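Participant: Could you have a look at this structure, given as structure tokens, before my questions?
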Amino acid sequence: MKRKNIAVCVTGYDWECASRIINGIFYRCQELNINLLVFASMLKKPVLSITELLSANIINGETEIFNLINYKTIDGVIILGDTMIDKKTVYDIQKKCKENNIPHVNVNDLENYLDYNVVISNDSAMLLIMKHLVKDHKLTKINFIGGKKSNSYSDERLNAYKTVLIENNIPFEPKRVKYGGFWDGAVNCVIEFLQEGELPQAIVCANDSMALFVIEYLKSQGYKVPQDVIVTGYDGIEEGEVYVPSLTTVRPNYERMGGESVNVISNLMNKKECPRKVFVESNLFCLQSCGCKEITKKDMDFFNVRNIRTGGNKRFNLEAIQMNLTFSNALTSSDIFKGAIQGAQSFNLDRIYICIRPELKKEPYVIPSKPYGISKQMISMAQYGHGVPNGTLFNTEDYLPQNIFEGETPVFIAFSPIYYQDKFLGYTAIQPQYIKGDGDLFLIWLQSISNNIGTYYQRRELQILYMHDPLTNLYNRRGMENLLPNLLSMSKARGGYINVFCGDIDGLKVINDKYGHDAGDIAIKTIANSITKCFPGNSICMRTGGDEFSIIFYTDKSIDCQHYVDKLNSELNDFNKTSDLEYDVLISLGYYTENGKNIDDFEHVKKLADRALYKNKAERKALRI
């Protein structure tokens, strides 16, 4: 029986929440013998406020990874809706699931309920903290710092705060409630509390990050936690566990949420009854910041933990610098992926694939045609943990250049985008040995890969624009100056021939004057396309002026250049017979061939080709008259 595949859609690798949920999904999938494919964009709901255009570009680049999902191969989809930077993405994924009759569930998202949802019971979690403070610590003066007004998470936690006060006959005072934006804005709330002249017995924060900011500020002002004031959080982040005082908090059971989401998908796949909304409770941790756990000298060992982490961060920073230097020194499209291998070793990945659009691998590089979405085929460009050679072409609907989904055990593969602005260049696919709390560093590493690859290809595009004529995409004079020295050196070394053609469009001024410059542009582009088609692929084809062209190429032996003149004229005659234009597109050509060993002054060779052009142009004009 073919193994089932579940896809997870998530933004960011936040260990405190998203990765814990995915951890629970992973272990439940292992138990049920289901493959897990995680499609993850890399941003953590940032405030993209530089410009509206930049925000749109970033969102487009990030969310394109979700279009990689091949719904023909997926049996269920789990959406971590709260992580998404663009809520439209949640409903786009839902729409595709319904179109393909695929079971799907939204996890930990209180603002966007879909047909099936798994959520944390926020009110009951905050009830645990408040009841602990009121009943166990006998407190009555408790202040509350919420995240943002009208935020569903913050509102639910505030309602639980009010409920416990009312149940215990403690009056609710609006002045005791302020909002810290889920971050360092909590410090301003504490300042306002102190300015109002009364230090509360406890400050309850709607998340752990605000609680840690509050404690740091109180300590800076000479207050002791919990002796002078108790501070509590909500989330159970790892930083709160190693902090002194360790943070009293509630931790949502994210791992269980992940497991329950798989259970929902499994039930739906097997046509079983399933509740529309599954609630998961949280656990209360009564630690040092409320006084339930004593602060001892041994607790200062947390500095050792911090130093270990600092050392790990320093190692990662050195590796990131090394990777960036490797990128900056890359000379070919293969070199730019070498810097990713060291990171793959550091994060203990079993394997990594870096898959890019085929046109990015072409040499010479050609600017891809828009749009920059998911292409039908990709090329594998990183060989780590597998034997797939660099440059292997495969169908994108297969996700990877080899089938690893039908082995003896289920697999876990995570896909993330490689893009530059709104241009989707490809994706990384990684298989970790295990899931751990390196989310932020891992995120930075993936973002560095994407940024460096994007910058590399943008640099190549700028080089192409610098060396090419924008109207025809043929080389300009700068392009010729860059490429010609190597061609001349090769001809001298081999003793072969340099063939130079000079061309001039017949009657371009008349076309411009009579039919307009748009018509003239059509004539110029037609000539350019015909030249590219009729001359050898190794030719340096240039537009050297408004109506002037040059073609230069090398041959081992002397050739009959008139053959290419006749070929181009025949191509243009065929075009003129079938086009709807009111004018004919024609070109006069002159040429000259010289053995490379005899060329000391290329300009002299070009003048001889120009002289032949003028002669041909005069003859053609006389014939027309």
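To be explicit about the labels: the chains of the structure tokens are called A, B, and onward in the order shown, and within each one the residues are counted from 1, while ligands get numbers from 1 in the order they are shown.
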Show which residues sit within 7 Å of Ile102 (chain A), as a list in words. Count only C-alpha atoms, and ignore same-chain residues fewer than 4 positions away.

Facilitator: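 Listed by chain and then number, they are Asp75, Gly76, Cys97 and Lys98 of chain A.
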
Participant: Pick out each residue of region 472-611 of chain A that DSSP on the backbone tags as alpha helix (DSSP H); I need them as number ranges by chain.

Facilitator: A: 477-494, 508-515, 517-534, 562-578, 602-611

Participant: Could you name the residues that touch Trp183 (chain A) at 8 Å or less, counting only C-alpha atoms, but leaving out those on the same chain fewer than 5 positions away, as a PyMOL selection string?

Facilitator: chain A and resi 147+209-210+213

Participant: Could you list, as a list in words, every residue within 12 Å of Asn101 (chain A), counting only C-alpha atoms and ignoring same-chain residues fewer than 3 positions away?

Facilitator: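 Neighbouring residues, sequence-local ones excluded: Tyr71, Lys72, Ile74, Asp75, Gly76, Val77, Gln94, Lys95, Lys96, Cys97, Lys98, His104, Leu268 and Met269 of chain A.
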
Participant: Identify, on the basis of only C-alpha atoms, every residue whose closest approach to Arg251 (chain A) does not exceed 8 Å; exclude the query and any residue fewer than 2 positions from it along the same chain; express the result as a list of chain:residue names.

Facilitator: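 The filter keeps A:Tyr234, A:Asp235, A:Gly236, A:Ile237, A:Thr249, A:Asn253, A:Ser282, A:Asn283, A:Leu284, A:Phe285.
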
Participant: With N, CA, C and O atoms kept, could you save the residues just selected as a PDB file, in the first residue's frame?

Facilitator:
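File selection.pdb, as written:
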ATOM      1  N   TYR A 234       3.405  34.123  29.398  1.00  0.00           N
ATOM      2  CA  TYR A 234       2.500  33.201  28.703  1.00  0.00           C
ATOM      3  C   TYR A 234       3.204  32.746  27.431  1.00  0.00           C
ATOM      4  O   TYR A 234       3.601  33.589  26.628  1.00  0.00           O
ATOM      5  N   ASP A 235       3.447  31.500  27.263  1.00  0.00           N
ATOM      6  CA  ASP A 235       4.038  30.860  26.076  1.00  0.00           C
ATOM      7  C   ASP A 235       4.980  29.738  26.458  1.00  0.00           C
ATOM      8  O   ASP A 235       5.071  28.737  25.754  1.00  0.00           O
ATOM      9  N   GLY A 236       5.762  29.950  27.551  1.00  0.00           N
ATOM     10  CA  GLY A 236       6.724  28.933  27.947  1.00  0.00           C
ATOM     11  C   GLY A 236       7.919  28.863  27.031  1.00  0.00           C
ATOM     12  O   GLY A 236       8.377  27.769  26.683  1.00  0.00           O
ATOM     13  N   ILE A 237       8.478  30.028  26.636  1.00  0.00           N
ATOM     14  CA  ILE A 237       9.631  30.018  25.740  1.00  0.00           C
ATOM     15  C   ILE A 237      10.876  29.547  26.479  1.00  0.00           C
ATOM     16  O   ILE A 237      10.989  29.665  27.702  1.00  0.00           O
ATOM     17  N   THR A 249       4.886  30.775  34.056  1.00  0.00           N
ATOM     18  CA  THR A 249       4.198  30.943  32.781  1.00  0.00           C
ATOM     19  C   THR A 249       3.298  29.748  32.514  1.00  0.00           C
ATOM     20  O   THR A 249       3.302  28.779  33.287  1.00  0.00           O
ATOM     21  N   ASN A 253       0.498  23.306  24.900  1.00  0.00           N
ATOM     22  CA  ASN A 253       1.029  22.001  24.512  1.00  0.00           C
ATOM     23  C   ASN A 253       1.076  21.912  22.987  1.00  0.00           C
ATOM     24  O   ASN A 253       0.248  21.261  22.342  1.00  0.00           O
ATOM     25  N   SER A 282      -3.298  23.937  28.134  1.00  0.00           N
ATOM     26  CA  SER A 282      -1.916  24.326  28.408  1.00  0.00           C
ATOM     27  C   SER A 282      -1.501  23.820  29.787  1.00  0.00           C
ATOM     28  O   SER A 282      -2.326  23.370  30.587  1.00  0.00           O
ATOM     29  N   ASN A 283      -0.207  23.922  30.073  1.00  0.00           N
ATOM     30  CA  ASN A 283       0.336  23.491  31.367  1.00  0.00           C
ATOM     31  C   ASN A 283       0.903  24.688  32.109  1.00  0.00           C
ATOM     32  O   ASN A 283       1.593  25.535  31.518  1.00  0.00           O
ATOM     33  N   LEU A 284       0.639  24.768  33.418  1.00  0.00           N
ATOM     34  CA  LEU A 284       1.130  25.852  34.259  1.00  0.00           C
ATOM     35  C   LEU A 284       2.486  25.467  34.845  1.00  0.00           C
ATOM     36  O   LEU A 284       2.649  24.378  35.395  1.00  0.00           O
ATOM     37  N   PHE A 285       3.481  26.380  34.725  1.00  0.00           N
ATOM     38  CA  PHE A 285       4.800  26.179  35.315  1.00  0.00           C
ATOM     39  C   PHE A 285       5.014  27.268  36.368  1.00  0.00           C
ATOM     40  O   PHE A 285       5.189  28.450  36.027  1.00  0.00           O
TER      41      PHE A 285
END

Participant: Compile the contact shell of Lys376 (chain A) as a PyMOL selection string: residues with an atom at most 10 Å away, counting only C-alpha atoms, same-chain residues fewer than 2 positions apart removed.

Facilitator: chain A and resi 357-358+373-374+378+394-397

Participant: Any chance you can output those residues with N, CA, C and O atoms as a PDB file, in the first residue's frame?

Facilitator:
ATOM      1  N   ARG A 357      15.806  27.181 -11.188  1.00  0.00           N
ATOM      2  CA  ARG A 357      15.203  27.198 -12.520  1.00  0.00           C
ATOM      3  C   ARG A 357      16.268  26.873 -13.566  1.00  0.00           C
ATOM      4  O   ARG A 357      17.415  27.331 -13.462  1.00  0.00           O
ATOM      5  N   PRO A 358      15.927  26.087 -14.592  1.00  0.00           N
ATOM      6  CA  PRO A 358      16.934  25.661 -15.581  1.00  0.00           C
ATOM      7  C   PRO A 358      17.645  26.815 -16.270  1.00  0.00           C
ATOM      8  O   PRO A 358      18.834  26.732 -16.560  1.00  0.00           O
ATOM      9  N   GLY A 373       7.656  32.439 -11.615  1.00  0.00           N
ATOM     10  CA  GLY A 373       6.929  31.529 -10.748  1.00  0.00           C
ATOM     11  C   GLY A 373       7.570  30.156 -10.739  1.00  0.00           C
ATOM     12  O   GLY A 373       8.744  29.983 -11.063  1.00  0.00           O
ATOM     13  N   ILE A 374       6.778  29.157 -10.353  1.00  0.00           N
ATOM     14  CA  ILE A 374       7.259  27.781 -10.355  1.00  0.00           C
ATOM     15  C   ILE A 374       7.384  27.306 -11.803  1.00  0.00           C
ATOM     16  O   ILE A 374       6.437  27.386 -12.571  1.00  0.00           O
ATOM     17  N   MET A 378      13.228  21.720 -12.808  1.00  0.00           N
ATOM     18  CA  MET A 378      14.239  22.341 -11.967  1.00  0.00           C
ATOM     19  C   MET A 378      15.547  21.591 -12.145  1.00  0.00           C
ATOM     20  O   MET A 378      15.581  20.474 -12.689  1.00  0.00           O
ATOM     21  N   PHE A 394      15.109  17.677 -13.469  1.00  0.00           N
ATOM     22  CA  PHE A 394      13.998  16.822 -13.061  1.00  0.00           C
ATOM     23  C   PHE A 394      12.699  17.614 -13.129  1.00  0.00           C
ATOM     24  O   PHE A 394      12.703  18.851 -13.196  1.00  0.00           O
ATOM     25  N   ASN A 395      11.576  16.905 -13.101  1.00  0.00           N
ATOM     26  CA  ASN A 395      10.260  17.535 -13.133  1.00  0.00           C
ATOM     27  C   ASN A 395       9.901  18.094 -11.752  1.00  0.00           C
ATOM     28  O   ASN A 395      10.004  17.381 -10.754  1.00  0.00           O
ATOM     29  N   THR A 396       9.474  19.332 -11.715  1.00  0.00           N
ATOM     30  CA  THR A 396       9.196  19.995 -10.446  1.00  0.00           C
ATOM     31  C   THR A 396       8.099  19.296  -9.661  1.00  0.00           C
ATOM     32  O   THR A 396       8.118  19.281  -8.428  1.00  0.00           O
ATOM     33  N   GLU A 397       7.136  18.693 -10.348  1.00  0.00           N
ATOM     34  CA  GLU A 397       6.040  18.023  -9.653  1.00  0.00           C
ATOM     35  C   GLU A 397       6.527  16.844  -8.815  1.00  0.00           C
ATOM     36  O   GLU A 397       5.818  16.371  -7.920  1.00  0.00           O
TER      37      GLU A 397
END

Participant: State, in Å with one decimal place, the distance from CA of Ile85 (chain A) to CA of Tyr353 (chain A).

Facilitator: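 Interatomic distance here is 25.4 Å.
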
Participant: Excluding region 117-119 of chain A and its own-chain neighbours fewer than 4 positions away, which residues fall within 8 Å of it when counting only C-alpha atoms? Please give them as a short mmCIF file (atom, residue, chain, number, x, y, z; two decimals) with N, CA and C atoms, in the first residue's frame.

Facilitator:
data_model
loop_
_atom_site.label_atom_id
_atom_site.label_comp_id
_atom_site.auth_asym_id
_atom_site.auth_seq_id
_atom_site.Cartn_x
_atom_site.Cartn_y
_atom_site.Cartn_z
N VAL A 105 -6.58 21.17 7.66
CA VAL A 105 -6.89 21.68 8.99
C VAL A 105 -6.01 22.89 9.27
N ASN A 106 -6.57 23.87 9.96
CA ASN A 106 -5.83 25.07 10.36
C ASN A 106 -5.44 24.94 11.83
N VAL A 107 -4.18 25.24 12.16
CA VAL A 107 -3.67 25.00 13.51
C VAL A 107 -3.21 26.30 14.15
N ASN A 108 -3.63 26.50 15.39
CA ASN A 108 -3.18 27.63 16.22
C ASN A 108 -3.47 28.97 15.57
N ASP A 109 -4.63 29.11 14.98
CA ASP A 109 -5.02 30.35 14.31
C ASP A 109 -6.42 30.73 14.79
N LEU A 110 -6.48 31.70 15.69
CA LEU A 110 -7.77 32.11 16.26
C LEU A 110 -8.50 33.13 15.41
N TYR A 113 -10.73 30.89 11.09
CA TYR A 113 -11.23 29.53 11.24
C TYR A 113 -11.61 28.96 9.88
N MET A 257 -0.75 19.74 19.94
CA MET A 257 -1.50 20.36 18.85
C MET A 257 -1.11 19.74 17.51
N GLU A 260 -2.57 16.27 17.27
CA GLU A 260 -4.02 16.31 17.06
C GLU A 260 -4.36 16.71 15.62
N SER A 261 -3.55 17.59 15.04
CA SER A 261 -3.82 18.00 13.65
C SER A 261 -3.66 16.82 12.70
N ARG A 276 -15.28 19.92 14.40
CA ARG A 276 -14.83 21.07 13.61
C ARG A 276 -13.72 21.85 14.32
N LYS A 277 -13.71 21.76 15.64
CA LYS A 277 -12.72 22.51 16.39
C LYS A 277 -12.22 21.65 17.55
N VAL A 278 -10.91 21.44 17.59
CA VAL A 278 -10.29 20.66 18.65
C VAL A 278 -9.51 21.61 19.55
N PHE A 279 -9.81 21.61 20.85
CA PHE A 279 -9.12 22.47 21.81
C PHE A 279 -8.04 21.68 22.53
N VAL A 280 -6.88 22.30 22.71
CA VAL A 280 -5.77 21.70 23.43
C VAL A 280 -5.44 22.58 24.63
#

Participant: For CA of Cys534 (chain A) and CA of Ile505 (chain A), quote the distance in Å rounded to one decimal.

Facilitator: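 One can read the CA of Cys534 (chain A) to CA of Ile505 (chain A) distance as 16.1 Å.
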
Participant: For each of A:Phe424, A:Tyr27, A:Tyr153, A:Tyr419, take the minimum atom-to-atom distance to Arg256 (chain A), counting only C-alpha atoms, then give the residue where this is smallest.

Facilitator: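 Going through A:Phe424, A:Tyr27, A:Tyr153, A:Tyr419 one by one, the smallest distance to Arg256 (chain A) is for A:Tyr27.
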